[in-house]
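Trainee: Contents of entry_11.txt (compact mmCIF, N, CA and C atoms):
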# COMPACT_ATOMS: atom_id res chain seq x y z
N ALA A 1 89.22 49.89 84.26
CA ALA A 1 87.91 49.47 83.81
C ALA A 1 87.60 48.05 84.25
N THR A 2 88.64 47.23 84.50
CA THR A 2 88.40 45.85 84.88
C THR A 2 87.65 45.76 86.20
N LEU A 3 88.02 46.57 87.19
CA LEU A 3 87.30 46.55 88.47
C LEU A 3 85.87 47.04 88.29
N ARG A 4 85.69 48.05 87.47
CA ARG A 4 84.35 48.56 87.18
C ARG A 4 83.53 47.48 86.46
N ALA A 5 84.15 46.77 85.52
CA ALA A 5 83.47 45.69 84.81
C ALA A 5 83.07 44.59 85.78
N LEU A 6 83.95 44.26 86.72
CA LEU A 6 83.64 43.25 87.74
C LEU A 6 82.42 43.69 88.55
N GLU A 7 82.43 44.93 88.98
CA GLU A 7 81.31 45.46 89.77
C GLU A 7 80.00 45.38 88.99
N LEU A 8 80.03 45.80 87.72
CA LEU A 8 78.83 45.77 86.89
C LEU A 8 78.41 44.34 86.57
N SER A 9 79.38 43.46 86.39
CA SER A 9 79.08 42.06 86.10
C SER A 9 78.35 41.41 87.28
N ARG A 10 78.78 41.74 88.48
CA ARG A 10 78.15 41.16 89.68
C ARG A 10 76.70 41.60 89.82
N GLN A 11 76.37 42.80 89.32
CA GLN A 11 75.00 43.30 89.40
C GLN A 11 74.12 42.70 88.31
N SER A 12 74.74 42.13 87.29
CA SER A 12 74.03 41.58 86.15
C SER A 12 73.33 40.27 86.50
N SER A 13 72.34 39.93 85.69
CA SER A 13 71.68 38.63 85.86
C SER A 13 72.62 37.50 85.44
N LYS A 14 73.68 37.85 84.75
CA LYS A 14 74.65 36.86 84.29
C LYS A 14 75.97 37.01 85.04
N ALA A 15 75.90 37.18 86.34
CA ALA A 15 77.12 37.25 87.14
C ALA A 15 77.89 35.95 86.93
N GLY A 16 79.20 36.04 86.87
CA GLY A 16 80.01 34.84 86.64
C GLY A 16 80.25 34.57 85.17
N ARG A 17 79.89 35.52 84.32
CA ARG A 17 80.07 35.35 82.87
C ARG A 17 81.37 36.04 82.44
N LEU A 18 82.19 35.30 81.69
CA LEU A 18 83.48 35.80 81.22
C LEU A 18 83.52 35.85 79.71
N ILE A 19 84.40 36.70 79.20
CA ILE A 19 84.68 36.71 77.77
C ILE A 19 86.13 36.27 77.59
N VAL A 20 86.35 35.41 76.62
CA VAL A 20 87.68 34.90 76.30
C VAL A 20 87.99 35.38 74.89
N ARG A 21 88.99 36.25 74.77
CA ARG A 21 89.36 36.82 73.47
C ARG A 21 90.65 36.20 72.96
N ASN A 22 90.89 36.40 71.67
CA ASN A 22 92.11 35.95 71.00
C ASN A 22 92.19 34.42 70.91
N LEU A 23 91.04 33.80 70.75
CA LEU A 23 91.00 32.34 70.64
C LEU A 23 91.54 31.87 69.29
N SER A 24 92.26 30.78 69.31
CA SER A 24 92.68 30.12 68.09
C SER A 24 91.43 29.64 67.37
N PHE A 25 91.44 29.69 66.04
CA PHE A 25 90.29 29.19 65.29
C PHE A 25 90.20 27.68 65.36
N ASN A 26 91.22 27.03 65.91
CA ASN A 26 91.17 25.58 66.13
C ASN A 26 90.47 25.23 67.44
N ALA A 27 90.31 26.22 68.31
CA ALA A 27 89.68 25.96 69.62
C ALA A 27 88.19 25.68 69.44
N ASN A 28 87.69 24.75 70.23
CA ASN A 28 86.25 24.45 70.20
C ASN A 28 85.74 24.36 71.64
N GLN A 29 84.46 24.00 71.79
CA GLN A 29 83.87 23.95 73.13
C GLN A 29 84.57 22.95 74.03
N LYS A 30 85.01 21.83 73.48
CA LYS A 30 85.72 20.83 74.30
C LYS A 30 87.00 21.41 74.89
N HIS A 31 87.77 22.12 74.07
CA HIS A 31 89.01 22.73 74.56
C HIS A 31 88.72 23.73 75.67
N LEU A 32 87.69 24.55 75.46
CA LEU A 32 87.35 25.56 76.46
C LEU A 32 86.85 24.92 77.75
N ARG A 33 86.00 23.92 77.61
CA ARG A 33 85.48 23.24 78.81
C ARG A 33 86.64 22.62 79.60
N LYS A 34 87.56 21.98 78.90
CA LYS A 34 88.70 21.35 79.56
C LYS A 34 89.53 22.39 80.32
N ALA A 35 89.77 23.54 79.71
CA ALA A 35 90.59 24.58 80.34
C ALA A 35 89.88 25.25 81.51
N PHE A 36 88.58 25.52 81.37
CA PHE A 36 87.87 26.31 82.38
C PHE A 36 87.24 25.48 83.49
N GLU A 37 86.93 24.22 83.26
CA GLU A 37 86.33 23.40 84.32
C GLU A 37 87.34 23.01 85.38
N VAL A 38 88.62 23.21 85.13
CA VAL A 38 89.65 23.00 86.15
C VAL A 38 89.37 23.95 87.33
N ILE A 39 88.81 25.11 87.04
CA ILE A 39 88.54 26.13 88.05
C ILE A 39 87.23 25.86 88.80
N GLY A 40 86.18 25.49 88.08
CA GLY A 40 84.88 25.29 88.72
C GLY A 40 83.83 24.85 87.70
N SER A 41 82.59 24.78 88.14
CA SER A 41 81.50 24.28 87.31
C SER A 41 81.08 25.31 86.25
N VAL A 42 81.28 24.93 84.99
CA VAL A 42 80.90 25.76 83.84
C VAL A 42 79.50 25.35 83.41
N VAL A 43 78.58 26.31 83.35
CA VAL A 43 77.20 25.98 82.97
C VAL A 43 76.90 26.28 81.51
N ASP A 44 77.73 27.13 80.86
CA ASP A 44 77.48 27.43 79.44
C ASP A 44 78.75 27.93 78.78
N ILE A 45 78.93 27.52 77.54
CA ILE A 45 80.02 28.02 76.70
C ILE A 45 79.37 28.44 75.38
N HIS A 46 79.60 29.69 74.99
CA HIS A 46 79.03 30.20 73.74
C HIS A 46 80.15 30.71 72.85
N LEU A 47 80.28 30.11 71.67
CA LEU A 47 81.27 30.50 70.67
C LEU A 47 80.52 31.16 69.51
N PRO A 48 80.44 32.48 69.46
CA PRO A 48 79.74 33.14 68.35
C PRO A 48 80.40 32.79 67.01
N MET A 49 79.57 32.48 66.03
CA MET A 49 80.07 32.05 64.72
C MET A 49 80.04 33.20 63.72
N LYS A 50 80.96 33.13 62.75
CA LYS A 50 80.97 34.09 61.65
C LYS A 50 79.76 33.78 60.77
N GLU A 51 79.14 34.84 60.26
CA GLU A 51 77.97 34.65 59.39
C GLU A 51 78.36 33.88 58.14
N GLY A 52 77.54 32.91 57.78
CA GLY A 52 77.77 32.13 56.57
C GLY A 52 79.01 31.26 56.62
N SER A 53 79.45 30.89 57.81
CA SER A 53 80.67 30.10 57.94
C SER A 53 80.53 29.14 59.12
N ASN A 54 81.38 28.13 59.14
CA ASN A 54 81.40 27.24 60.31
C ASN A 54 82.57 27.58 61.22
N LEU A 55 83.16 28.78 61.06
CA LEU A 55 84.24 29.25 61.92
C LEU A 55 83.70 30.18 63.00
N HIS A 56 84.27 30.07 64.20
CA HIS A 56 83.87 31.01 65.24
C HIS A 56 84.62 32.32 65.04
N ARG A 57 84.22 33.35 65.79
CA ARG A 57 84.72 34.71 65.58
C ARG A 57 85.99 35.03 66.38
N GLY A 58 86.57 34.06 67.08
CA GLY A 58 87.82 34.30 67.79
C GLY A 58 87.63 34.68 69.24
N PHE A 59 86.41 34.59 69.74
CA PHE A 59 86.16 34.84 71.15
C PHE A 59 85.01 33.94 71.61
N ALA A 60 84.87 33.83 72.94
CA ALA A 60 83.83 32.98 73.50
C ALA A 60 83.36 33.57 74.82
N PHE A 61 82.17 33.14 75.24
CA PHE A 61 81.64 33.50 76.54
C PHE A 61 81.57 32.24 77.38
N ILE A 62 82.05 32.34 78.60
CA ILE A 62 82.04 31.22 79.55
C ILE A 62 81.17 31.65 80.74
N GLN A 63 80.19 30.82 81.09
CA GLN A 63 79.32 31.12 82.23
C GLN A 63 79.61 30.12 83.34
N TYR A 64 80.08 30.64 84.46
CA TYR A 64 80.32 29.80 85.64
C TYR A 64 79.08 29.78 86.52
N GLU A 65 78.91 28.68 87.24
CA GLU A 65 77.82 28.58 88.20
C GLU A 65 78.06 29.54 89.37
N GLN A 66 79.31 29.63 89.82
CA GLN A 66 79.67 30.47 90.96
C GLN A 66 80.54 31.65 90.50
N THR A 67 80.19 32.85 90.95
CA THR A 67 80.97 34.04 90.60
C THR A 67 82.40 33.93 91.12
N ALA A 68 82.59 33.32 92.27
CA ALA A 68 83.95 33.17 92.83
C ALA A 68 84.83 32.36 91.89
N ASP A 69 84.26 31.35 91.23
CA ASP A 69 85.04 30.55 90.26
C ASP A 69 85.41 31.41 89.06
N ALA A 70 84.50 32.24 88.61
CA ALA A 70 84.79 33.14 87.48
C ALA A 70 85.91 34.10 87.85
N GLU A 71 85.86 34.62 89.06
CA GLU A 71 86.90 35.54 89.52
C GLU A 71 88.26 34.84 89.52
N ARG A 72 88.27 33.61 89.97
CA ARG A 72 89.51 32.84 89.99
C ARG A 72 90.00 32.55 88.56
N ALA A 73 89.08 32.28 87.66
CA ALA A 73 89.44 32.01 86.26
C ALA A 73 90.09 33.23 85.62
N VAL A 74 89.57 34.42 85.92
CA VAL A 74 90.16 35.65 85.37
C VAL A 74 91.61 35.76 85.81
N SER A 75 91.86 35.53 87.09
CA SER A 75 93.23 35.69 87.60
C SER A 75 94.15 34.56 87.17
N GLU A 76 93.64 33.34 87.03
CA GLU A 76 94.51 32.20 86.73
C GLU A 76 94.65 31.87 85.24
N LEU A 77 93.63 32.21 84.43
CA LEU A 77 93.67 31.80 83.03
C LEU A 77 93.96 32.94 82.06
N ASN A 78 93.89 34.18 82.53
CA ASN A 78 94.23 35.31 81.67
C ASN A 78 95.70 35.20 81.28
N ASN A 79 96.00 35.41 80.01
CA ASN A 79 97.36 35.31 79.46
C ASN A 79 97.92 33.90 79.46
N LYS A 80 97.05 32.89 79.50
CA LYS A 80 97.48 31.50 79.38
C LYS A 80 97.17 31.01 77.97
N ARG A 81 97.80 29.89 77.60
CA ARG A 81 97.61 29.34 76.26
C ARG A 81 96.46 28.34 76.22
N ILE A 82 95.62 28.49 75.21
CA ILE A 82 94.59 27.50 74.89
C ILE A 82 94.76 27.22 73.40
N CYS A 83 94.97 25.97 73.05
CA CYS A 83 95.23 25.57 71.67
C CYS A 83 96.39 26.34 71.07
N GLY A 84 97.43 26.54 71.88
CA GLY A 84 98.65 27.17 71.40
C GLY A 84 98.62 28.68 71.28
N ARG A 85 97.54 29.31 71.73
CA ARG A 85 97.44 30.76 71.60
C ARG A 85 97.14 31.39 72.95
N VAL A 86 97.84 32.48 73.27
CA VAL A 86 97.61 33.19 74.53
C VAL A 86 96.27 33.91 74.44
N VAL A 87 95.42 33.67 75.44
CA VAL A 87 94.08 34.26 75.44
C VAL A 87 93.97 35.35 76.50
N ALA A 88 92.99 36.22 76.30
CA ALA A 88 92.66 37.26 77.27
C ALA A 88 91.33 36.89 77.90
N VAL A 89 91.30 36.74 79.21
CA VAL A 89 90.09 36.38 79.93
C VAL A 89 89.67 37.57 80.79
N ASP A 90 88.43 38.01 80.62
CA ASP A 90 87.95 39.17 81.37
C ASP A 90 86.46 39.02 81.64
N TRP A 91 85.93 39.93 82.44
CA TRP A 91 84.50 39.92 82.77
C TRP A 91 83.68 40.32 81.57
N ALA A 92 82.64 39.57 81.29
CA ALA A 92 81.72 39.91 80.21
C ALA A 92 80.63 40.81 80.78
N VAL A 93 80.32 41.86 80.06
CA VAL A 93 79.23 42.75 80.45
C VAL A 93 78.34 42.94 79.23
N ASP A 94 77.11 43.38 79.45
CA ASP A 94 76.20 43.64 78.34
C ASP A 94 76.82 44.64 77.38
N ALA A 95 76.46 44.57 76.12
CA ALA A 95 77.03 45.45 75.10
C ALA A 95 76.84 46.92 75.46
N SER A 96 75.67 47.28 75.98
CA SER A 96 75.42 48.68 76.33
C SER A 96 76.32 49.13 77.48
N VAL A 97 76.55 48.23 78.43
CA VAL A 97 77.44 48.54 79.56
C VAL A 97 78.87 48.68 79.06
N TYR A 98 79.28 47.80 78.15
CA TYR A 98 80.62 47.85 77.57
C TYR A 98 80.84 49.20 76.88
N SER A 99 79.85 49.66 76.13
CA SER A 99 79.96 50.95 75.44
C SER A 99 80.14 52.09 76.44
N SER A 100 79.38 52.05 77.54
CA SER A 100 79.52 53.12 78.53
C SER A 100 80.87 53.05 79.24
N LEU A 101 81.41 51.85 79.45
CA LEU A 101 82.75 51.71 80.03
C LEU A 101 83.80 52.30 79.09
N GLN A 102 83.63 52.07 77.79
CA GLN A 102 84.56 52.63 76.83
C GLN A 102 84.52 54.16 76.87
N ARG A 103 83.32 54.73 76.98
CA ARG A 103 83.19 56.19 77.05
C ARG A 103 83.85 56.72 78.32
N GLU A 104 83.67 56.02 79.45
CA GLU A 104 84.30 56.43 80.71
C GLU A 104 85.81 56.45 80.57
N GLU A 105 86.38 55.42 79.93
CA GLU A 105 87.82 55.35 79.76
C GLU A 105 88.33 56.52 78.92
N ARG A 106 87.58 56.92 77.90
CA ARG A 106 87.99 58.03 77.05
C ARG A 106 87.99 59.34 77.81
N ARG A 107 87.12 59.46 78.82
CA ARG A 107 87.03 60.70 79.60
C ARG A 107 88.13 60.80 80.65
N GLU A 108 88.71 59.66 81.05
CA GLU A 108 89.75 59.68 82.08
C GLU A 108 90.98 60.38 81.53
N PRO A 109 91.66 61.19 82.38
CA PRO A 109 92.86 61.87 81.90
C PRO A 109 93.95 60.87 81.52
N LYS A 110 94.62 61.14 80.44
CA LYS A 110 95.69 60.27 79.97
C LYS A 110 97.00 61.02 80.03
N GLU A 111 98.09 60.28 80.14
CA GLU A 111 99.41 60.91 80.20
C GLU A 111 99.66 61.78 78.97
N SER A 112 99.12 61.35 77.82
CA SER A 112 99.36 62.10 76.60
C SER A 112 98.71 63.48 76.64
N ARG A 113 97.74 63.67 77.51
CA ARG A 113 97.07 64.95 77.60
C ARG A 113 97.76 65.91 78.57
N LEU A 114 98.74 65.41 79.31
CA LEU A 114 99.47 66.26 80.24
C LEU A 114 100.35 67.22 79.46
N PRO A 115 100.58 68.42 80.00
CA PRO A 115 101.46 69.35 79.28
C PRO A 115 102.86 68.78 79.16
N LYS A 116 103.48 69.04 78.02
CA LYS A 116 104.84 68.54 77.80
C LYS A 116 105.82 69.39 78.59
N PRO A 117 106.83 68.75 79.18
CA PRO A 117 107.82 69.53 79.94
C PRO A 117 108.59 70.45 78.99
N LYS A 118 108.99 71.61 79.51
CA LYS A 118 109.76 72.56 78.73
C LYS A 118 111.17 72.02 78.57
N PRO A 119 111.76 72.24 77.39
CA PRO A 119 113.14 71.76 77.21
C PRO A 119 114.09 72.49 78.14
N ALA A 120 115.11 71.78 78.56
CA ALA A 120 116.11 72.37 79.46
C ALA A 120 116.87 73.45 78.72
N LYS A 121 117.26 74.47 79.46
CA LYS A 121 118.05 75.56 78.85
C LYS A 121 119.42 75.01 78.47
N LYS A 122 119.90 75.49 77.35
CA LYS A 122 121.19 75.04 76.87
C LYS A 122 122.29 75.84 77.54
N GLY A 123 123.33 75.15 77.94
CA GLY A 123 124.50 75.80 78.52
C GLY A 123 125.46 76.23 77.41
N LYS A 124 126.47 76.96 77.78
CA LYS A 124 127.45 77.46 76.82
C LYS A 124 128.12 76.30 76.06
N ALA A 125 128.42 75.19 76.76
CA ALA A 125 129.08 74.05 76.13
C ALA A 125 128.18 73.41 75.08
N ASP A 126 126.86 73.33 75.34
CA ASP A 126 125.92 72.76 74.38
C ASP A 126 125.86 73.60 73.11
N VAL A 127 125.81 74.91 73.28
CA VAL A 127 125.74 75.82 72.13
C VAL A 127 127.01 75.71 71.30
N GLU A 128 128.18 75.63 71.95
CA GLU A 128 129.46 75.51 71.23
C GLU A 128 129.54 74.18 70.49
N ALA A 129 129.03 73.07 71.12
CA ALA A 129 129.05 71.75 70.49
C ALA A 129 128.15 71.75 69.24
N GLU A 130 126.97 72.38 69.32
CA GLU A 130 126.07 72.46 68.18
C GLU A 130 126.69 73.27 67.05
N ALA A 131 127.41 74.35 67.38
CA ALA A 131 128.05 75.18 66.37
C ALA A 131 129.12 74.38 65.61
N LYS A 132 129.85 73.52 66.33
CA LYS A 132 130.88 72.70 65.69
C LYS A 132 130.28 71.67 64.75
N GLU A 133 129.06 71.13 65.11
CA GLU A 133 128.39 70.11 64.29
C GLU A 133 127.87 70.71 62.98
N SER A 134 127.57 72.00 62.96
CA SER A 134 127.01 72.64 61.76
C SER A 134 128.01 72.90 60.70
Could I get this file's structure written as structure tokens?
Mentor:
Amino acid sequence: ATLRALELSRQSSKAGRLIVRNLSFNANQKHLRKAFEVIGSVVDIHLPMKEGSNLHRGFAFIQYEQTADAERAVSELNNKRICGRVVAVDWAVDASVYSSLQREERREPKESRLPKPKPAKKGKADVEAEAKES
């Protein structure tokens, strides 16, 4: 889904927009700017807040001026620590697009849906060993 998200993100009016998940509640815009501007020019940082609180919701959106910088940030900053916590950095897509990507993933065949292999036939030694255990 990440490649599909990249493709859809590039078609969006907000190409170069990333989502940063698993943020420490101690992280703020300064911390994010410091971490992400190492890669390139950041034009916007949005930290959605919890309703009725001054705490953010644990994720943020980062908008880069250049899509190439955003692409580099995904590869270099994903699974890195910000404020002591490992974050997940990925392409941000519109909520409706995200929902359709989730549906696509559910339709893809999964290993768990494959038929289970048949158990191997037991040899004479296996049957005798089981009889002794009983």
Trainee: Figure out the distance between atom CA of Trp91 of chain A and atom N of Arg103 of chain A, please, to one decimal in Å.
Mentor: 15.9 Å
Trainee: Rounded to one decimal, what separation in Å do you get between atom CA of Leu77 of chain A and atom CA of Val93 of chain A?
Mentor: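 If I compute the distance from atom CA of Leu77 of chain A to atom CA of Val93 of chain A, I get 18.3 Å.
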Trainee: Determine which residues of segment 31-101 of chain A receive a DSSP assignment of alpha helix (DSSP H), computed from the backbone, and state them as a list of chain:residue names.
Mentor: A:His31, A:Leu32, A:Arg33, A:Lys34, A:Ala35, A:Phe36, A:Thr67, A:Ala68, A:Asp69, A:Ala70, A:Glu71, A:Arg72, A:Ala73, A:Val74, A:Ser75, A:Glu76, A:Leu77, A:Ala95, A:Ser96, A:Val97, A:Tyr98, A:Ser99, A:Ser100, A:Leu101
Trainee: Show me, as a PyMOL selection string, the residues that have an atom within 7 Å of Val43 of chain A when counting only C-alpha atoms, minus same-chain residues fewer than 3 positions from it.
Mentor: chain A and resi 63-65
Trainee: I'd like the contact shell of segment 68-71 of chain A - 8 Å cut-off, all atoms listed in the file, skipping same-chain residues fewer than 3 positions apart - returned as number ranges by chain.
Mentor: A: 15-18, 39-41, 62-65, 74-77, 90-91
Trainee: For the atom pair atom CA of Arg33 of chain A and atom CA of Ser96 of chain A, what is the interatomic distance in Å to one decimal place?
Mentor: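 Between atom CA of Arg33 of chain A and atom CA of Ser96 of chain A the gap is 27.5 Å.
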Trainee: Between A:Lys34, A:Glu105, A:Val89, A:Leu23, which residue has the minimum interatomic distance to Ala73 of chain A, considering only N, CA and C atoms?
Mentor: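 Nearest candidate to Ala73 of chain A out of A:Lys34, A:Glu105, A:Val89, A:Leu23: A:Val89.
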Trainee: Pick out the residues sitting within 10 Å of Lys80 of chain A, and hand them over as a PyMOL selection string; count only C-alpha atoms, and ignore anything fewer than 5 positions along from it in its own chain.
Mentor: chain A and resi 35+85-89
